[in-house]
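Engineer: Got a structure for you, questions after.
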Amino acid sequence: MEYFQFLIILILSPLIQGIIRKLKANMQGRIGPGIFQPYYDLIRLLKKDMVISNVTSWVFKATPYIVFASTAAASMIVPVITTKSPFDVMGDVIALIYIFALGRFFMALSGLDAGTAFGGEGSSREMTVAILVEPMMMLSIFTAAISVGSTNIARIAGSGLLFSPSHILALSAFMIAIIAETGRIPVDNPDTHLELTMIHEGMLLEYSGKYLALMEWAHYMKQMLLFTIAVDIFFPIGVANNAGILALTSSFGIYILKMLFFAVLMALIESTRAKMRFFQLPSLLGGAFVLALLSLLTYIIMRK
Amino acid sequence: MNTETYLLMGLLFFLSGAVVSMLPLPKVKNYSYILSTLGSLSFAVLSLYMLFITPVDLFSLPLSFIFKFNFSGDAISGFFVLTISILAFAVSVYSIGYTRDLDNKGLMGFLFNIFILSMYAVVLSGNIITFLISWETMSIVSYFLVTFDRDEKSAKAGLIYAVMTHIGTAFLIVLFMILYRYTGDMGFSGIKGLSSRIPEHMKDLVFIFSIIGFGTKAGIIPFHTWLPKAHPAAPSNISSLMSGVMIKTGIYGFVRISMDIMGQGPEWWGIAIIVIGAISSILGVMYALMEHDLKRLLAYHSVENIGIILLGIGASMVFRSNGMFALSSLALIAGLYHTLNHATFKGLLFLGAGSVMHATHTKNMEDMGGLIKSMPYTGLFFLIGSVSICALPPFNGFVSEWLTYQSLLLGFKSTSITAKIISPLGGAALALTGALAAACFVKAFGISFLGMPRSHHAENVKESSLSMIIGMGILALLCLLFGIFPGIVLTIIQPVSFMLTGSHGMAYKGIFIGISETLSTLSPAAILITMIVMSISTLIFILTVGGKRKIIYGDSWDCGIPALTSRMQYTATAFTKPIRMIFKRIYLPKRELKVSYLVKPFFVKSIEYRGGITPFFEKYIYDPVTDFIHSLAEKVKILQSGSLHLYLAYILITLILLLLFGT
């Protein structure tokens, strides 16, 4: 049964995006599109012709597949509704972060491939944000891994609730990492198409049709995956540890509730915060890095 | 056939390669590199003997009663011989095409063969004298290769290299004198047996001198300054060997002295190595990011990767002093795995840079662009090298960095609080390094190979010759194989880690690596297969849902203003600007703005902008020292007036002083 968990992420990730958009619209006093809009968008994009720049090389065409396949591969490592991971021989949390990094590497390359300033700008900013986010994310995961004694994400998820001051610090750092990784306010604005402020969208500027659909879908999946990793590491409550129908159903229900919680949180943060100036980001992300560092140090010192 | 046969064959191949190259027959010269490929193959076979069968005494030649030449090999030497052989083989193939239209081709072939041979000699030396002679031969031959182009820049780089490497050697000589003083033995195995006679504080001194002496060769910060000057100055096949394996002889020497001969040290040794590794890796990659000279960028990455190797070795030393031998073995495997990986991907990247320079006649990536279309194979191989060095799955760099993460993370199991805190911080440093390296190679590959040609250098470029492509292809294939079949590499490394720690350290079966202590597994092959399956099923899915649609080719988005030019692309300088601003405390960026006006302040005629970073170590550490030496030399000059009478007076004074105090 656990082998099909990744399908949940594959199928439901556009829905989460739709819910976040709807909630955001409602909070901002708009009606907004329906929660299934991302599905319609994806299907419409898949049916469109593509316009590709003359300047691009095969890297540009390979990138959507690499990005989508790497995100899908990452989703096979993460346990969703059971404490078993679908395919955890493939790797652990560290591998997970590096699989995401593979997708980002190629996305940034394709930003430079069309030879425009906007793509390059997006790539440069994305890699800069990654420099600030990746160590912080790694450190907050280290805290959880050290307290469980394993980097295997299914083990961490199966170890029950972790609750101590150091885990609260690690969780807060991880939340900031999620916001940065999913390209949300205050780090990046997912709704903008103004060239000068884009980070993630800047790299996708030259994509259209099927390729754009793949890139967007991969982005939705990555967002849901990051939420799932957060609940696996920090709130593994109500997750089924057997494959009974009842256990799985309740686990699925609890999982959906957790995802909705994240959706509300994201919508709330996006509606109440303003986007930060790019060069103010180091103070936010650097602060989060210090939180992650403190979490690790307090854990080591308090366990002594 | 026994080991001596392979040694003699290898020796013969390389020496005849060197001689053939000096012959005044143009046709025969090309065989020089074919002979060196054969030589490296013989040494590869020899290394397998050393790794899997038994330590071997290869060759002894008594010079006097005390000194004798002695070459012998155990598992540690075997591993390094194999690493050298792998890279030497690929670079030899590459050199056939690369040196075709080189001036002074004969000298190149000669030095090339002797250089490889001297590296083998270093890692196979069995006693102090042999080691120092081989070490110096290697340094001097590489000096000639650095200054091979005979222009002012390479002469200067060569001078800095020669000075730095001899300062390192001076420390090594003192180190060996201490070892000899307390043990009375010249042979490494003899010293190892008697190492308990060395008092503790002398062991600490030996450790510090080995960091300085071998660290200078390996290029750890702050002894790295020669590296980004000397490596780019040499021809690219030589830079590849220097960065790929020559700096690894520093790692070999360090492991030999501080881990093998001296045995188990106090915990602060390992912690010091972790700290040095973390600093070298972060600063190395940070300086690399600011380089726009493709080869200097790669040279700084060598500093970074030596740092990563030291993270693994340092963790191994910490575990060993805590008596945790299984973990020590794991961490050592991580360090050595990265040593082998760095040889393959850095060798590959330097060869790629060589092909690019050969075709475009420039090192500056701001003048390149769009090369992936004109040089498809070089582009593909350089991309593979970039992905490997950024430690992205499923390539080899990922496996060794993953092992390094695991060992640093397991540092929390050690008993002392310092090790518990330092080693996860080493992991954070590694994460930062990884992210910076990814940014750096997006820049290096993206600016040089993608987009539009940025200058006339990058237009009408031709792909490299077949042998160059094959040379790079071998290394690119190895980058993938060492990634997806970690079992093969572990089989090679485990004899070394078993020899040094007495433990095999980890479980592995074929394409999976498993670490029992953290219950985690890794299989890059599974990641690769999953990605391939996913890509194919995605392709099928989008074809069934969307159907087959047209692809229209057009111009890039230009905001409605027609005719984008290559000057409007993002440049390497612009790409790294945010990083330069965020880390300005480290880079200390300088900017000069000159504005000239027609009518001040309304009509600007021209703006001239210069930007750069302050080379911290050169400016604040090395320059003051050289200035001091210069001023001292100026003062000493007063004594040398050129007057014969004065010199006679000196002799008289010396004589009187000797007569007074000499008795």
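Numbering starts fresh at 1 for the residues of each chain in the structure tokens, the chains themselves are lettered A, B, ... in the order given, and ligands are numbered from 1 as they appear.
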Could you pull out all residues of segment 37-80 of chain A with a DSSP call of strand (DSSP E or B) and give them as a PyMOL selection string?

Structural biologist: chain A and resi 50-53

Engineer: Keeping N, CA and C atoms for every residue in the selection just given, could you write it to a file as a PDB file, in the first residue's frame?

Structural biologist:
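Listing of again_25.pdb after writing:
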```pdb
ATOM      1  N   MET A  50       3.686  24.991 -28.351  1.00  0.00           N
ATOM      2  CA  MET A  50       4.766  25.614 -27.602  1.00  0.00           C
ATOM      3  C   MET A  50       5.510  26.619 -28.457  1.00  0.00           C
ATOM      4  N   VAL A  51       5.944  27.707 -27.828  1.00  0.00           N
ATOM      5  CA  VAL A  51       6.855  28.637 -28.489  1.00  0.00           C
ATOM      6  C   VAL A  51       8.177  28.546 -27.754  1.00  0.00           C
ATOM      7  N   ILE A  52       9.218  28.217 -28.504  1.00  0.00           N
ATOM      8  CA  ILE A  52      10.527  28.053 -27.885  1.00  0.00           C
ATOM      9  C   ILE A  52      11.507  29.003 -28.545  1.00  0.00           C
ATOM     10  N   SER A  53      12.371  29.580 -27.727  1.00  0.00           N
ATOM     11  CA  SER A  53      13.334  30.540 -28.266  1.00  0.00           C
ATOM     12  C   SER A  53      14.389  29.843 -29.128  1.00  0.00           C
TER      13      SER A  53
END
```

Engineer: Counting only C-alpha atoms, which residues of segment 139-209 of chain A fall within 12 Å of segment 112-123 of chain A, and what is the closest atom pair for each with its distance in Å at one decimal, ordered by chain and rising number, as CSV?

Structural biologist:
```
residue,atom,partner,partner_atom,distance
A:Gly183,CA,A:Gly122,CA,11.5
A:Asp188,CA,A:Gly122,CA,10.6
A:His193,CA,A:Phe118,CA,10.9
A:Leu194,CA,A:Phe118,CA,10.1
A:Glu195,CA,A:Phe118,CA,6.4
A:Leu196,CA,A:Phe118,CA,7.7
A:Thr197,CA,A:Gly122,CA,8.9
A:Met198,CA,A:Gly122,CA,6.4
A:Ile199,CA,A:Gly122,CA,4.5
A:His200,CA,A:Gly122,CA,6.2
A:Glu201,CA,A:Gly122,CA,7.3
A:Gly202,CA,A:Gly122,CA,4.5
A:Met203,CA,A:Gly119,CA,4.7
A:Leu204,CA,A:Gly119,CA,7.4
A:Leu205,CA,A:Gly119,CA,6.7
A:Glu206,CA,A:Ala114,CA,7.1
A:Tyr207,CA,A:Ala114,CA,9.9
```

Engineer: Can you tell me, as a PyMOL selection string, which residues in segment 152-255 of chain B count as helix (DSSP H, G or I) by DSSP?

Structural biologist: chain B and resi 152-183+188-193+195-197+200-218+227-233+236-255

Engineer: Show me, as a VMD selection string, the residues that have an atom within 10 Å of His358 of chain B when counting only C-alpha atoms, minus same-chain residues fewer than 4 positions from it.

Structural biologist: chain B and resid 98 236 352 to 354 362 to 363 461 to 464

Engineer: As an exercise, work out the distance from atom CA of Ile129 of chain B to atom CA of Asn70 of chain B in Å and give it to one decimal place.

Structural biologist: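 Distance reported for this atom pair: 8.7 Å.
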
Engineer: Could you name the residues that touch segment 247-261 of chain A at 12 Å or less, counting only C-alpha atoms, but leaving out those on the same chain fewer than 4 positions away, as number ranges by chain?

Structural biologist: A: 1-2, 5, 8-9, 12-13, 15-20, 23, 79-84, 223-232, 234-243, 265-268

Engineer: Using only C-alpha atoms, determine which residues lie at most 9 Å from segment 60-64 of chain A, disregarding the query and same-chain residues fewer than 5 positions distant; provide the list as a short mmCIF file (atom, residue, chain, number, x, y, z; two decimals) with C-alpha atoms, in the first residue's frame.

Structural biologist:
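Written file, part38.cif:
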```
data_model
loop_
_atom_site.label_atom_id
_atom_site.label_comp_id
_atom_site.auth_asym_id
_atom_site.auth_seq_id
_atom_site.Cartn_x
_atom_site.Cartn_y
_atom_site.Cartn_z
CA ALA A 69 11.21 13.57 -12.56
CA GLY A 103 15.97 20.32 -10.07
CA PHE A 106 18.75 22.72 -14.08
CA MET A 107 16.00 25.28 -13.65
CA LEU A 109 20.57 26.77 -16.13
CA SER A 110 17.50 26.96 -18.34
CA GLY A 111 16.97 30.50 -17.08
CA ASP A 113 19.72 29.36 -21.76
CA ALA A 114 17.45 31.77 -23.61
CA TYR A 207 8.54 28.25 -21.06
CA LYS A 210 3.61 21.32 -22.07
CA TYR A 211 6.96 22.34 -20.62
CA LEU A 212 5.39 25.08 -18.57
CA ALA A 213 2.75 22.63 -17.34
CA LEU A 214 5.46 20.25 -16.16
CA MET A 215 7.41 22.99 -14.43
CA ALA A 218 6.60 20.10 -10.28
#
```

Engineer: Pick out the residues sitting within 8 Å of Thr339 of chain B, and hand them over as a PDB file with C-alpha atoms, in the first residue's frame; count only C-alpha atoms, and ignore anything fewer than 4 positions along from it in its own chain.

Structural biologist:
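Wrote part_35.pdb, looks like this:
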```pdb
ATOM      1  CA  LYS B 248      46.221  14.767  -3.482  1.00  0.00           C
ATOM      2  CA  ILE B 306      40.393  19.593  -0.414  1.00  0.00           C
ATOM      3  CA  ILE B 309      38.119  15.763   1.913  1.00  0.00           C
ATOM      4  CA  GLY B 335      37.209  11.447   2.689  1.00  0.00           C
ATOM      5  CA  ALA B 343      40.290  13.458  -9.285  1.00  0.00           C
TER       6      ALA B 343
END
```

Engineer: Nearest to Val93 of chain B among B:Pro524, B:Gly253, B:Gly193, B:Gly471, with distances taken over only C-alpha atoms: which residue is it?

Structural biologist: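 Among B:Pro524, B:Gly253, B:Gly193, B:Gly471, it is B:Gly471 that comes nearest to Val93 of chain B.
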
Engineer: Need to verify the contact set: segment 274-286 of chain B, 7 Å, only C-alpha atoms, exclusion of same-chain residues closer than 5 positions in sequence. Can you return it as a VMD selection string?

Structural biologist: chain B and resid 220 to 221 300 to 301 303 to 305 307 to 308 310 to 311 314 to 315 426 429 433 436 to 437

Engineer: Point out the residue among B:Gly312, B:Gly487, B:Pro393, B:Gly560 with the least atom-to-atom distance to chain A, counting only C-alpha atoms.

Structural biologist: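 The shortest atom-to-atom distance to chain A comes from B:Pro393.
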
Engineer: Select, from A:Tyr3, A:Phe87, A:Tyr40, A:Tyr98, the residue with the minimum atom-to-atom distance to chain B, counting only C-alpha atoms.

Structural biologist: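 Ranked by minimum distance to chain B, first place goes to A:Tyr98.
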